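Let me begin by presenting the structure, written as structure tokens, before commenting on it.
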Amino acid sequence: MELRAENISRRYFRKRGEANFFEAVKPVSLTLRGGKMTVLKGRSGSGKTTLLHMLAGLLNPSEGKVFLDDTDLYALEDAELSRVRNEKIGVVPQGRSAVDTLTVYENILLPGLLYGGKPRTDAAESWMEALDISSLRDVMPAELSGGELRRMAIARTLTADPDVILADEPTGDLDNENTVIVLDALRQAAKAGKAVLVVSHEDDVEAYADEVIRMDAGSFIADGSKTQQPSSVNE
Ligand SMILES: Nc1ncnc2c1ncn2[C@@H]1O[C@H](COP(=O)(O)OP(=O)(O)OP(=O)(O)O)[C@@H](O)[C@H]1O
């Protein structure tokens, strides 16, 4: 399984200086392969979230294509794209994403139940255990800390068992101990064959990566440090 972006870019229409549009992501290509964890780094505003949303099937590129194996994501009808996203692409979004009227456990089971799936109770139990939130199973999201909510969101994505996992700052609200717990879980998912992309500012995250991609002002950059430019970029 692989997720492949071919020369995707994204323009936002808004006034910036002389131009009346702003190119948040300039044409970039990358391939995320099953079994690998890729880390995407870059300053605030460099285009990381915009790129992640295009890879996730959530934001149409201005140009270029995104393929999940042979499927051209943005050529699909809306209903089919939603189904593919739900079954194959797991997103851990930035910020809060809990359904406030459901317990932690129900939130974690929810994506698997959409489209008539069976509750993945064993997977939910084991990811709650791995992410150290088993004791919060019947708690409502309003009672959780930012870090606990984040770990719940990660457990929810991992429980749905998608082929691709796209995580936007998954360790943003976490202390060191929980950062390690979350990165271990994502690493474990990659080891089990998932294609994992982690957006992060944090240097510690690179130690877990098979590949590191750096973004600056909407483009990928090579930086000459020990983390080489991945061979999958700009193929
Ligand atoms: N809907 C939008 N309309 C106009 N401009 C946008 C929109 N979304 C993002 N941008 C701009 O595109 C640029 C890239 O934003 P993006 O969120 O992708 O960056 P980022 O690298 O993820 O930043 P951060 O690390 O702060 O989350 C920013 O300059 C942002 O202001």
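Following the order of the structure tokens, chains are lettered A, B, ..., residues in each are numbered from 1, and ligands are numbered from 1.
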
- request: Give the strand (DSSP E) residues of stretch 24-201 of chain A, as DSSP finds them on the backbone, and put them as a ChimeraX atom specification.
  value: /A:24-33,37-42,63-68,71-72,89-92,164-168,195-199

message: Neighbouring residues of ligand 1 are defined here as those with any atom at most 7 Å from a ligand atom, counting only C-alpha atoms and all ligand atoms; list them as a count of residues only.
response: 14

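Counting only C-alpha atoms and comparing A:Leu102, A:His53, A:Glu169, A:Gly35, the residue that lies closest to A:Glu143 is A:Leu102.
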
message: Please list as a PyMOL selection string every residue within 7 Å of A:Asp210, counting only C-alpha atoms and excluding residues in the same chain fewer than 3 positions away.
response: chain A and resi 36-38

Emit the selected residues as a PDB file, in the first residue's frame, including all heavy atoms.
```pdb
ATOM      1  N   LYS A  36       6.515   2.323   6.838  1.00  0.00           N
ATOM      2  CA  LYS A  36       7.467   3.423   7.079  1.00  0.00           C
ATOM      3  C   LYS A  36       6.823   4.576   7.844  1.00  0.00           C
ATOM      4  O   LYS A  36       5.654   4.896   7.650  1.00  0.00           O
ATOM      5  CB  LYS A  36       7.950   3.995   5.744  1.00  0.00           C
ATOM      6  CG  LYS A  36       8.771   3.042   4.908  1.00  0.00           C
ATOM      7  CD  LYS A  36      10.228   3.431   4.984  1.00  0.00           C
ATOM      8  CE  LYS A  36      11.109   2.629   4.054  1.00  0.00           C
ATOM      9  NZ  LYS A  36      11.541   1.353   4.605  1.00  0.00           N
ATOM     10  N   MET A  37       7.641   5.199   8.678  1.00  0.00           N
ATOM     11  CA  MET A  37       7.181   6.395   9.382  1.00  0.00           C
ATOM     12  C   MET A  37       7.970   7.591   8.861  1.00  0.00           C
ATOM     13  O   MET A  37       9.202   7.597   8.879  1.00  0.00           O
ATOM     14  CB  MET A  37       7.408   6.222  10.880  1.00  0.00           C
ATOM     15  CG  MET A  37       6.979   7.415  11.691  1.00  0.00           C
ATOM     16  SD  MET A  37       6.523   6.853  13.356  1.00  0.00           S
ATOM     17  CE  MET A  37       6.877   8.310  14.294  1.00  0.00           C
ATOM     18  N   THR A  38       7.240   8.572   8.368  1.00  0.00           N
ATOM     19  CA  THR A  38       7.847   9.784   7.818  1.00  0.00           C
ATOM     20  C   THR A  38       7.498  10.947   8.734  1.00  0.00           C
ATOM     21  O   THR A  38       6.359  11.056   9.184  1.00  0.00           O
ATOM     22  CB  THR A  38       7.265  10.053   6.404  1.00  0.00           C
ATOM     23  OG1 THR A  38       7.508   8.917   5.593  1.00  0.00           O
ATOM     24  CG2 THR A  38       7.898  11.276   5.766  1.00  0.00           C
TER      25      THR A  38
END
```

message: Residues near A:Asp175, anyone? I mean within 12 Å using only C-alpha atoms, not counting same-chain ones fewer than 4 positions away, as a list in words.
response: Ser145, Gly146, Gly147, Glu148, Arg150, Arg151, Pro170, Thr171, Thr179, Val180, Ile181, Val182 and Glu202 of chain A

Write the selection just made, keeping N, CA and C atoms, as a compact mmCIF listing (two decimals), in the first residue's frame?
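Wrote it out as again_34.txt, contents follow:
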```txt
# COMPACT_ATOMS: atom_id res chain seq x y z
N SER A 145 -7.86 16.16 30.21
CA SER A 145 -6.84 17.18 29.94
C SER A 145 -6.54 17.20 28.44
N GLY A 146 -5.83 18.21 27.99
CA GLY A 146 -5.45 18.31 26.57
C GLY A 146 -4.66 17.10 26.11
N GLY A 147 -3.75 16.64 26.97
CA GLY A 147 -2.91 15.49 26.60
C GLY A 147 -3.72 14.20 26.54
N GLU A 148 -4.70 14.07 27.45
CA GLU A 148 -5.56 12.88 27.44
C GLU A 148 -6.45 12.87 26.19
N ARG A 150 -5.74 14.19 23.38
CA ARG A 150 -4.87 13.89 22.25
C ARG A 150 -4.62 12.38 22.15
N ARG A 151 -4.38 11.75 23.28
CA ARG A 151 -4.14 10.30 23.26
C ARG A 151 -5.41 9.55 22.87
N PRO A 170 0.88 15.25 16.76
CA PRO A 170 0.24 14.35 17.73
C PRO A 170 0.84 14.44 19.13
N THR A 171 2.02 15.03 19.26
CA THR A 171 2.62 15.12 20.59
C THR A 171 2.59 16.56 21.12
N THR A 179 4.81 11.69 25.26
CA THR A 179 5.35 11.82 23.90
C THR A 179 5.94 10.48 23.46
N VAL A 180 6.69 9.85 24.38
CA VAL A 180 7.31 8.55 24.07
C VAL A 180 6.22 7.49 23.86
N ILE A 181 5.19 7.51 24.69
CA ILE A 181 4.09 6.54 24.56
C ILE A 181 3.43 6.66 23.19
N VAL A 182 3.16 7.90 22.77
CA VAL A 182 2.48 8.14 21.49
C VAL A 182 3.39 7.77 20.31
N GLU A 202 8.93 19.05 16.89
CA GLU A 202 9.86 18.62 17.93
C GLU A 202 10.99 17.76 17.41
```

Can you write out as a tab-separated table which residues of stretch 139-222 of chain A fall within 8 Å of stretch 106-112 of chain A, alongside each residue's closest atom pair and its distance in Å to one decimal, counting only C-alpha atoms and ordering rows by chain and ascending residue number?
```
residue	atom	partner	partner_atom	distance
A:Met152	CA	A:Ile108	CA	6.8
A:Ala153	CA	A:Ile108	CA	7.3
A:Ala155	CA	A:Ile108	CA	6.3
A:Arg156	CA	A:Ile108	CA	4.0
A:Thr157	CA	A:Ile108	CA	7.6
A:Thr159	CA	A:Ile108	CA	6.9
A:Ala160	CA	A:Gly112	CA	5.2
```
